[in-house]
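Structure data (compact mmCIF, N, CA and C atoms) from query.txt:
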```txt
# COMPACT_ATOMS: atom_id res chain seq x y z
N MET A 6 20.74 70.78 58.41
CA MET A 6 22.04 70.68 59.01
C MET A 6 21.96 70.00 60.37
N ARG A 7 20.93 70.33 61.13
CA ARG A 7 20.79 69.73 62.46
C ARG A 7 20.53 68.22 62.36
N LEU A 8 19.80 67.81 61.33
CA LEU A 8 19.58 66.38 61.14
C LEU A 8 20.90 65.66 60.88
N ALA A 9 21.78 66.29 60.12
CA ALA A 9 23.07 65.68 59.81
C ALA A 9 23.95 65.59 61.05
N LEU A 10 23.73 66.49 61.99
CA LEU A 10 24.54 66.48 63.21
C LEU A 10 23.93 65.62 64.32
N GLY A 11 22.81 64.97 64.03
CA GLY A 11 22.26 64.00 64.98
C GLY A 11 20.94 64.38 65.62
N ALA A 12 20.34 65.48 65.24
CA ALA A 12 19.05 65.85 65.81
C ALA A 12 17.95 64.96 65.22
N SER A 13 16.97 64.67 66.02
CA SER A 13 15.85 63.87 65.53
C SER A 13 14.82 64.80 64.86
N PRO A 14 13.98 64.25 64.01
CA PRO A 14 12.92 65.07 63.40
C PRO A 14 12.02 65.73 64.44
N LYS A 15 11.82 65.05 65.55
CA LYS A 15 11.01 65.62 66.64
C LYS A 15 11.67 66.89 67.19
N ASP A 16 12.99 66.88 67.31
CA ASP A 16 13.71 68.06 67.78
C ASP A 16 13.59 69.22 66.79
N ILE A 17 13.61 68.90 65.52
CA ILE A 17 13.49 69.93 64.48
C ILE A 17 12.11 70.58 64.54
N VAL A 18 11.08 69.78 64.67
CA VAL A 18 9.71 70.30 64.76
C VAL A 18 9.58 71.18 66.00
N ARG A 19 10.12 70.72 67.11
CA ARG A 19 10.06 71.50 68.34
C ARG A 19 10.77 72.85 68.19
N LEU A 20 11.92 72.85 67.52
CA LEU A 20 12.67 74.08 67.29
C LEU A 20 11.88 75.07 66.43
N VAL A 21 11.29 74.57 65.35
CA VAL A 21 10.54 75.45 64.45
C VAL A 21 9.32 76.03 65.17
N PHE A 22 8.59 75.19 65.89
CA PHE A 22 7.41 75.68 66.60
C PHE A 22 7.78 76.63 67.74
N LYS A 23 8.88 76.37 68.41
CA LYS A 23 9.31 77.25 69.50
C LYS A 23 9.66 78.63 68.96
N GLN A 24 10.40 78.67 67.85
CA GLN A 24 10.76 79.96 67.27
C GLN A 24 9.51 80.70 66.78
N ALA A 25 8.59 80.00 66.16
CA ALA A 25 7.35 80.63 65.70
C ALA A 25 6.54 81.15 66.87
N ALA A 26 6.42 80.35 67.92
CA ALA A 26 5.63 80.75 69.08
C ALA A 26 6.22 81.98 69.77
N VAL A 27 7.52 82.04 69.87
CA VAL A 27 8.16 83.19 70.52
C VAL A 27 7.89 84.46 69.73
N TRP A 28 8.09 84.41 68.42
CA TRP A 28 7.89 85.62 67.61
C TRP A 28 6.43 86.05 67.57
N VAL A 29 5.53 85.10 67.52
CA VAL A 29 4.10 85.44 67.51
C VAL A 29 3.69 86.02 68.87
N ALA A 30 4.19 85.45 69.94
CA ALA A 30 3.87 85.97 71.27
C ALA A 30 4.39 87.40 71.44
N VAL A 31 5.60 87.65 70.98
CA VAL A 31 6.15 89.01 71.07
C VAL A 31 5.28 89.98 70.25
N GLY A 32 4.91 89.58 69.07
CA GLY A 32 4.05 90.42 68.23
C GLY A 32 2.69 90.67 68.85
N LEU A 33 2.11 89.65 69.47
CA LEU A 33 0.81 89.83 70.11
C LEU A 33 0.89 90.76 71.31
N VAL A 34 1.95 90.64 72.10
CA VAL A 34 2.11 91.51 73.26
C VAL A 34 2.30 92.96 72.81
N VAL A 35 3.18 93.17 71.85
CA VAL A 35 3.43 94.53 71.35
C VAL A 35 2.16 95.10 70.71
N GLY A 36 1.47 94.32 69.92
CA GLY A 36 0.25 94.78 69.28
C GLY A 36 -0.85 95.09 70.26
N THR A 37 -1.01 94.25 71.27
CA THR A 37 -2.04 94.48 72.28
C THR A 37 -1.74 95.74 73.09
N LEU A 38 -0.48 95.91 73.48
CA LEU A 38 -0.10 97.12 74.20
C LEU A 38 -0.30 98.36 73.34
N ALA A 39 0.01 98.26 72.06
CA ALA A 39 -0.17 99.40 71.16
C ALA A 39 -1.65 99.76 71.03
N VAL A 40 -2.51 98.75 70.94
CA VAL A 40 -3.95 99.02 70.84
C VAL A 40 -4.44 99.72 72.11
N PHE A 41 -4.03 99.21 73.25
CA PHE A 41 -4.48 99.82 74.50
C PHE A 41 -3.95 101.24 74.67
N CYS A 42 -2.72 101.48 74.25
CA CYS A 42 -2.12 102.82 74.39
C CYS A 42 -2.69 103.80 73.37
N LEU A 43 -2.87 103.36 72.14
CA LEU A 43 -3.32 104.28 71.09
C LEU A 43 -4.80 104.59 71.16
N LEU A 44 -5.59 103.61 71.52
CA LEU A 44 -7.03 103.84 71.56
C LEU A 44 -7.47 104.57 72.82
N GLY A 45 -6.83 104.26 73.91
CA GLY A 45 -7.21 104.92 75.16
C GLY A 45 -8.66 104.65 75.49
N ASP A 46 -9.41 105.71 75.71
CA ASP A 46 -10.82 105.58 76.06
C ASP A 46 -11.75 105.74 74.86
N ALA A 47 -11.20 105.94 73.68
CA ALA A 47 -12.03 106.16 72.50
C ALA A 47 -12.54 104.82 71.97
N PRO A 48 -13.83 104.61 71.95
CA PRO A 48 -14.36 103.35 71.41
C PRO A 48 -14.24 103.33 69.89
N VAL A 49 -13.87 102.19 69.37
CA VAL A 49 -13.75 102.02 67.93
C VAL A 49 -15.14 101.90 67.31
N LEU A 50 -15.97 101.13 67.95
CA LEU A 50 -17.35 100.94 67.50
C LEU A 50 -18.29 101.43 68.60
N GLU A 51 -19.50 101.71 68.21
CA GLU A 51 -20.48 102.13 69.20
C GLU A 51 -20.72 101.01 70.19
N ASP A 52 -20.77 101.34 71.44
CA ASP A 52 -20.99 100.39 72.54
C ASP A 52 -19.88 99.34 72.63
N ALA A 53 -18.69 99.66 72.19
CA ALA A 53 -17.57 98.73 72.27
C ALA A 53 -16.45 99.39 73.07
N SER A 54 -15.83 98.63 73.89
CA SER A 54 -14.72 99.14 74.70
C SER A 54 -13.42 98.58 74.15
N PRO A 55 -12.37 99.40 74.04
CA PRO A 55 -11.09 98.87 73.59
C PRO A 55 -10.47 97.94 74.63
N PHE A 56 -11.01 97.97 75.84
CA PHE A 56 -10.46 97.14 76.91
C PHE A 56 -11.29 95.89 77.15
N ALA A 57 -12.00 95.43 76.16
CA ALA A 57 -12.79 94.20 76.26
C ALA A 57 -11.83 93.02 76.23
N ILE A 58 -11.46 92.58 77.39
CA ILE A 58 -10.41 91.56 77.53
C ILE A 58 -10.80 90.25 76.85
N GLY A 59 -12.04 89.88 76.92
CA GLY A 59 -12.48 88.63 76.30
C GLY A 59 -12.27 88.61 74.80
N GLU A 60 -12.65 89.69 74.15
CA GLU A 60 -12.49 89.77 72.69
C GLU A 60 -11.03 89.84 72.29
N VAL A 61 -10.25 90.59 73.06
CA VAL A 61 -8.82 90.69 72.76
C VAL A 61 -8.14 89.34 72.93
N ALA A 62 -8.50 88.62 73.99
CA ALA A 62 -7.92 87.30 74.23
C ALA A 62 -8.33 86.31 73.15
N LEU A 63 -9.58 86.37 72.72
CA LEU A 63 -10.04 85.47 71.66
C LEU A 63 -9.31 85.77 70.35
N GLY A 64 -9.18 87.03 70.02
CA GLY A 64 -8.45 87.40 68.81
C GLY A 64 -6.99 86.98 68.86
N ALA A 65 -6.36 87.15 70.01
CA ALA A 65 -4.96 86.74 70.17
C ALA A 65 -4.82 85.22 70.04
N ALA A 66 -5.77 84.49 70.60
CA ALA A 66 -5.72 83.03 70.51
C ALA A 66 -5.88 82.56 69.07
N VAL A 67 -6.78 83.20 68.33
CA VAL A 67 -6.98 82.83 66.92
C VAL A 67 -5.72 83.12 66.11
N ILE A 68 -5.12 84.28 66.33
CA ILE A 68 -3.89 84.64 65.62
C ILE A 68 -2.76 83.68 65.97
N PHE A 69 -2.65 83.33 67.25
CA PHE A 69 -1.59 82.41 67.70
C PHE A 69 -1.76 81.04 67.05
N CYS A 70 -2.99 80.53 67.03
CA CYS A 70 -3.24 79.21 66.42
C CYS A 70 -2.98 79.24 64.91
N ALA A 71 -3.37 80.32 64.26
CA ALA A 71 -3.14 80.44 62.82
C ALA A 71 -1.64 80.50 62.52
N ALA A 72 -0.89 81.17 63.36
CA ALA A 72 0.56 81.26 63.15
C ALA A 72 1.23 79.90 63.35
N LEU A 73 0.81 79.16 64.35
CA LEU A 73 1.39 77.83 64.55
C LEU A 73 0.99 76.88 63.43
N LEU A 74 -0.20 77.04 62.91
CA LEU A 74 -0.61 76.24 61.75
C LEU A 74 0.25 76.60 60.54
N ALA A 75 0.55 77.88 60.39
CA ALA A 75 1.41 78.31 59.28
C ALA A 75 2.84 77.84 59.46
N ALA A 76 3.28 77.58 60.69
CA ALA A 76 4.63 77.09 60.95
C ALA A 76 4.75 75.60 60.66
N TRP A 77 3.64 74.92 60.49
CA TRP A 77 3.68 73.48 60.25
C TRP A 77 4.37 73.13 58.92
N LEU A 78 4.14 73.92 57.88
CA LEU A 78 4.74 73.62 56.58
C LEU A 78 6.27 73.68 56.62
N PRO A 79 6.89 74.72 57.16
CA PRO A 79 8.35 74.70 57.26
C PRO A 79 8.88 73.58 58.15
N ALA A 80 8.13 73.26 59.21
CA ALA A 80 8.56 72.16 60.09
C ALA A 80 8.50 70.83 59.34
N LYS A 81 7.45 70.63 58.58
CA LYS A 81 7.30 69.39 57.81
C LYS A 81 8.41 69.29 56.76
N ARG A 82 8.70 70.42 56.10
CA ARG A 82 9.76 70.44 55.10
C ARG A 82 11.13 70.17 55.73
N ALA A 83 11.35 70.70 56.93
CA ALA A 83 12.63 70.49 57.61
C ALA A 83 12.81 69.03 58.02
N MET A 84 11.72 68.35 58.33
CA MET A 84 11.81 66.94 58.71
C MET A 84 12.16 66.04 57.54
N GLN A 85 11.85 66.48 56.33
CA GLN A 85 12.04 65.64 55.16
C GLN A 85 13.39 65.83 54.48
N VAL A 86 14.23 66.68 55.05
CA VAL A 86 15.55 66.93 54.46
C VAL A 86 16.44 65.71 54.67
N ASN A 87 17.11 65.32 53.63
CA ASN A 87 18.07 64.21 53.71
C ASN A 87 19.37 64.78 54.29
N PRO A 88 19.87 64.26 55.43
CA PRO A 88 21.07 64.80 56.05
C PRO A 88 22.30 64.77 55.14
N VAL A 89 22.44 63.74 54.34
CA VAL A 89 23.60 63.65 53.44
C VAL A 89 23.56 64.74 52.39
N GLU A 90 22.39 65.00 51.82
CA GLU A 90 22.25 66.06 50.84
C GLU A 90 22.48 67.44 51.47
N ALA A 91 22.07 67.61 52.71
CA ALA A 91 22.29 68.89 53.40
C ALA A 91 23.78 69.14 53.60
N LEU A 92 24.50 68.11 53.94
CA LEU A 92 25.96 68.26 54.12
C LEU A 92 26.66 68.52 52.79
N ARG A 93 26.20 67.89 51.74
CA ARG A 93 26.81 68.12 50.42
C ARG A 93 26.55 69.55 49.94
N ALA A 94 25.39 70.09 50.27
CA ALA A 94 25.04 71.44 49.82
C ALA A 94 25.88 72.50 50.53
N GLU A 95 26.30 72.21 51.74
CA GLU A 95 27.11 73.16 52.50
C GLU A 95 28.53 72.96 52.11
```
For the file at hand, write its structure as structure tokens.
Amino acid sequence: MRLALGASPKDIVRLVFKQAAVWVAVGLVVGTLAVFCLLGDAPVLEDASPFAIGEVALGAAVIFCAALLAAWLPAKRAMQVNPVEALRAE
């Protein structure tokens, strides 16, 4: 629909990635806070601290990159929509 109203494919990709990044960031923040609150001082593994910032940051970065990679398919599909066909479908 946005393509039919004059948006460029670049704008569509930016919109899809922005929405994905916001939701993934919210999930990572909530999940990280939940881990820190629920685990407290109890180590999950022997000689492991739940507050190991490096490992938490690495895990968050991997999840964030995987989510943006997963957002590429809907963005690619949205770029290939024919604006005339989108208007006819609505």
Exercise. Compile the contact shell of segment 15-18 of chain A as a VMD selection string: residues with an atom at most 7 Å away, counting all atoms listed in the file, same-chain residues fewer than 5 positions apart removed.
Key: chain A and resid 23 80 to 81 83 to 84
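From atom N of Ala65 of chain A back to atom C of Ala25 of chain A, the distance works out to 14.6 Å.
Of the residues under consideration (A:Leu33, A:Leu20, A:Val27, A:Val89), A:Leu33 shows the shortest atom-to-atom contact distance to Gly64 of chain A when counting only C-alpha atoms.
Atom CA of Ile68 of chain A to atom N of Val34 of chain A spans 10.6 Å [interatomic distance, one decimal].
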Each side padded by 5 Å, which centre and which edge lengths in Å (one decimal) define the axis-aligned box around the listed atoms of segment 20-31 of chain A? Give them as lines of an AutoDock Vina configuration file.
```
center_x = 8.2
center_y = 81.4
center_z = 67.9
size_x = 19.0
size_y = 27.1
size_z = 17.0
```
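Interatomic distance, atom N of Ala62 of chain A against atom CA of Trp28 of chain A: 17.8 Å.
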Practice problem: Could you check which of A:Ala94, A:Leu74, A:Ser13, A:Val61 is closest to Thr37 of chain A, using all atoms listed in the file? | Solution: A:Val61
